[in-house]
Every structure is written in structure tokens, then in C-alpha cells.
Amino acid sequence: MVAKRLKWTIGLWLTRGSRKRGDYARKKCIFAHVGENVALVPRFVPLYSELISFHDNITVARAVDFVTHDTIHSVFNRFLGGGKHRERIGCIEVLDNVFIGSHSIVLYDTRIGPNVIIASGSVVTKDCEPNSVYAGVPARKIGDFNELMAKRYVMEETGKTAITEHNQRLTEEEIRVAWEVFNNQHKKKP
């Protein structure tokens, strides 16, 4: 299995574009399931990847870890001087319309419901209910998916946030506007 994981990881590294990496993962059956419109920025295949299921319209940002096991048993066994304890494993399921922010960790035996945003740096230790926004360590519900989507739309339409039409390429005008928005938000108050 180590050789297969290494081969898949190399394949992910060589695949340019997060959507194409999702397609590669589906084609190679790296995970239990990979639905349609799945974008995988990470290029590392987690241990026991067959215990992870991705439904449709999911984006997994950079440096997200999916932990399908623990190795506490090795500490217990060394402490007790025997092989009484075994490695614990568990599944992870990510349902439709989910974004998982960079540097997040998703632990085993968790289900991320549909229409969920996981903020960057969060640690998911239990199920995430549908139509929610989660953040923190451990991740806890901090908002509503639909409210965030509406707020984001208003910010974009009123010019209160910088936006781009391009994927990973900015025009000079977009850079200028981004700095203008930033400076307006960070004006020194008298």
C-alpha cells in the first residue's frame, strides 16, 4: 500500500489544477468516493484514503489533513509492554457544497454536512451540521451558510471587497482595487 500511496501522491503532484486533481483521484479510486466538481488542492494522499468520501461540489484548500486513524495504541502497548491495543481507524464523509479552508484538520468519525464552510486552521472533531459555517479548535458553529453567501454577495456588489474574474492571475486594475479596498478598511481613526 505504501508504494501505491507514493504513486498516487506523485500523480497528484504532477496534475496541474485542483479540479484536475479531483478528477485524477476519482479515476484512480484513491478515495472511497469522489463526486463531481471536486477540487483538491492538497497533493498528499492520506493514510487509509479509502475511508474518505467526497460528494459533489467540494473544494479542499491547501495543507488540509484528513486523519483516518490514531496511533495511541503504540504508546499504550509500550507502556504496558505488550500488544494488547490496536490502531483505531474511522471514516470521514464530506457532503455536497463544502469548502474546507487551508491548514484545517478533519479527524475520523466525522461527517461534514451539505452546505458547510470550514474556516482555515479549524480542527473538525465532530459532525458539522448542514447549512453552517464552522471555525476554531475544536471547530464550532459560528454562522449560517446562506447568510454568509448573501453577505459575500452584498460586499462584492458594493465594492467593499476586492474580487477577481481570473483564476490565480490578477490584472493591474484588480491589484490597484485590492489595495484601495484594503487601505480604506485600515484607515487610522482619529
# chains A, B, ... in the order shown; residues from 1 in each chain; ligands from 1

$ closest_atom_pairs --of "range 44-131 of chain A" --to "range 3-9 of chain A" --cutoff "12 Å" --atoms "only C-alpha atoms" --output "JSON lines"
{"residue": "A:Phe44", "atom": "CA", "partner": "A:Thr9", "partner_atom": "CA", "distance": 5.2}
{"residue": "A:Val45", "atom": "CA", "partner": "A:Thr9", "partner_atom": "CA", "distance": 5.6}
{"residue": "A:Pro46", "atom": "CA", "partner": "A:Arg5", "partner_atom": "CA", "distance": 8.1}
{"residue": "A:Leu47", "atom": "CA", "partner": "A:Arg5", "partner_atom": "CA", "distance": 8.0}
{"residue": "A:Tyr48", "atom": "CA", "partner": "A:Arg5", "partner_atom": "CA", "distance": 9.3}
{"residue": "A:Ser49", "atom": "CA", "partner": "A:Arg5", "partner_atom": "CA", "distance": 8.9}
{"residue": "A:Glu50", "atom": "CA", "partner": "A:Arg5", "partner_atom": "CA", "distance": 11.0}

$ residues_around --residues "Val177 in chain A" --least-positions-apart "3" --cutoff "10 Å" --atoms "only C-alpha atoms" --output "VMD selection string"
chain A and resid 159 161 to 164 171 to 174 180 to 183

$ write_last_selection --atoms "N, CA and C atoms" --output "short mmCIF file (atom, residue, chain, number, x, y, z; two decimals), in the first residue's frame"
data_model
loop_
_atom_site.label_atom_id
_atom_site.label_comp_id
_atom_site.auth_asym_id
_atom_site.auth_seq_id
_atom_site.Cartn_x
_atom_site.Cartn_y
_atom_site.Cartn_z
N GLY A 159 -18.62 46.87 -3.69
CA GLY A 159 -17.21 47.24 -3.74
C GLY A 159 -16.52 47.24 -2.39
N THR A 161 -15.28 44.67 -1.00
CA THR A 161 -14.26 43.65 -1.03
C THR A 161 -13.67 43.60 -2.42
N ALA A 162 -12.42 43.22 -2.50
CA ALA A 162 -11.77 43.09 -3.81
C ALA A 162 -12.14 41.74 -4.41
N ILE A 163 -12.36 41.71 -5.71
CA ILE A 163 -12.72 40.48 -6.40
C ILE A 163 -11.91 40.35 -7.68
N THR A 164 -11.87 39.14 -8.21
CA THR A 164 -11.18 38.90 -9.48
C THR A 164 -12.03 37.99 -10.35
N THR A 171 -5.11 41.26 -12.74
CA THR A 171 -4.77 42.36 -13.63
C THR A 171 -4.23 43.51 -12.78
N GLU A 172 -3.58 44.45 -13.42
CA GLU A 172 -3.08 45.63 -12.70
C GLU A 172 -4.23 46.36 -12.01
N GLU A 173 -5.37 46.45 -12.67
CA GLU A 173 -6.55 47.12 -12.10
C GLU A 173 -7.05 46.39 -10.85
N GLU A 174 -7.08 45.06 -10.89
CA GLU A 174 -7.53 44.29 -9.72
C GLU A 174 -6.57 44.47 -8.55
N GLU A 180 -6.71 49.50 -2.68
CA GLU A 180 -7.61 50.60 -2.33
C GLU A 180 -8.63 50.15 -1.28
N VAL A 181 -9.23 48.99 -1.49
CA VAL A 181 -10.19 48.45 -0.51
C VAL A 181 -9.48 48.21 0.82
N PHE A 182 -8.31 47.62 0.78
CA PHE A 182 -7.55 47.35 1.99
C PHE A 182 -7.26 48.63 2.76
N ASN A 183 -6.74 49.62 2.06
CA ASN A 183 -6.40 50.88 2.72
C ASN A 183 -7.62 51.59 3.27
#

$ residues_around --residues "Phe54 in chain A" --least-positions-apart "6" --cutoff "7 Å" --atoms "only C-alpha atoms" --output "PyMOL selection string"
chain A and resi 33-35+93-95

$ write_last_selection --atoms "C-alpha atoms" --output "PDB file, in the first residue's frame"
ATOM      1  CA  HIS A  33     -15.847   8.115  -3.396  1.00  0.00           C
ATOM      2  CA  VAL A  34     -15.118  11.326  -5.288  1.00  0.00           C
ATOM      3  CA  GLY A  35     -18.161  13.063  -6.730  1.00  0.00           C
ATOM      4  CA  GLU A  93     -17.574  11.896   4.823  1.00  0.00           C
ATOM      5  CA  VAL A  94     -17.801  15.310   3.163  1.00  0.00           C
ATOM      6  CA  LEU A  95     -21.239  16.009   1.689  1.00  0.00           C
TER       7      LEU A  95
END

$ atom_distance --atom1 "CA of Ser74 in chain A" --atom2 "CA of Arg88 in chain A"
10.7 Å

$ closest_atom_pairs --of "range 55-145 of chain A" --to "range 28-32 of chain A" --cutoff "12 Å" --atoms "only C-alpha atoms" --output "Markdown table"
| residue | atom | partner | partner_atom | distance |
| --- | --- | --- | --- | --- |
| A:His55 | CA | A:Ala32 | CA | 10.2 |
| A:Phe66 | CA | A:Phe31 | CA | 11.4 |
| A:Thr68 | CA | A:Phe31 | CA | 11.7 |
| A:Cys91 | CA | A:Ala32 | CA | 9.6 |
| A:Ile92 | CA | A:Ala32 | CA | 9.7 |
| A:Glu93 | CA | A:Ala32 | CA | 9.4 |
| A:Val94 | CA | A:Ala32 | CA | 11.2 |

$ residues_around --residues "range 115-122 of chain A" --least-positions-apart "4" --cutoff "9 Å" --atoms "only C-alpha atoms" --output "VMD selection string"
chain A and resid 61 64 95 to 106 128 to 140 144 to 146

$ select_by_dssp --residues "range 66-102 of chain A" --states "strand (DSSP E)" --output "list in words"
Phe66, Val67, His69, Asp70, Arg88, Ile89, Ile92, Glu93, Val94, Val98, Phe99 and Ile100 of chain A

$ residues_around --residues "Lys20 in chain A" --least-positions-apart "3" --cutoff "12 Å" --atoms "only C-alpha atoms" --output "PyMOL selection string"
chain A and resi 11-17+23-27+36-43

$ select_by_dssp --residues "range 65-122 of chain A" --states "helix (DSSP H, G or I)" --output "list of chain:residue names"
A:Ile72, A:His73, A:Ser74, A:Val75, A:Phe76, A:Asn77, A:Arg78, A:Phe79, A:Leu80
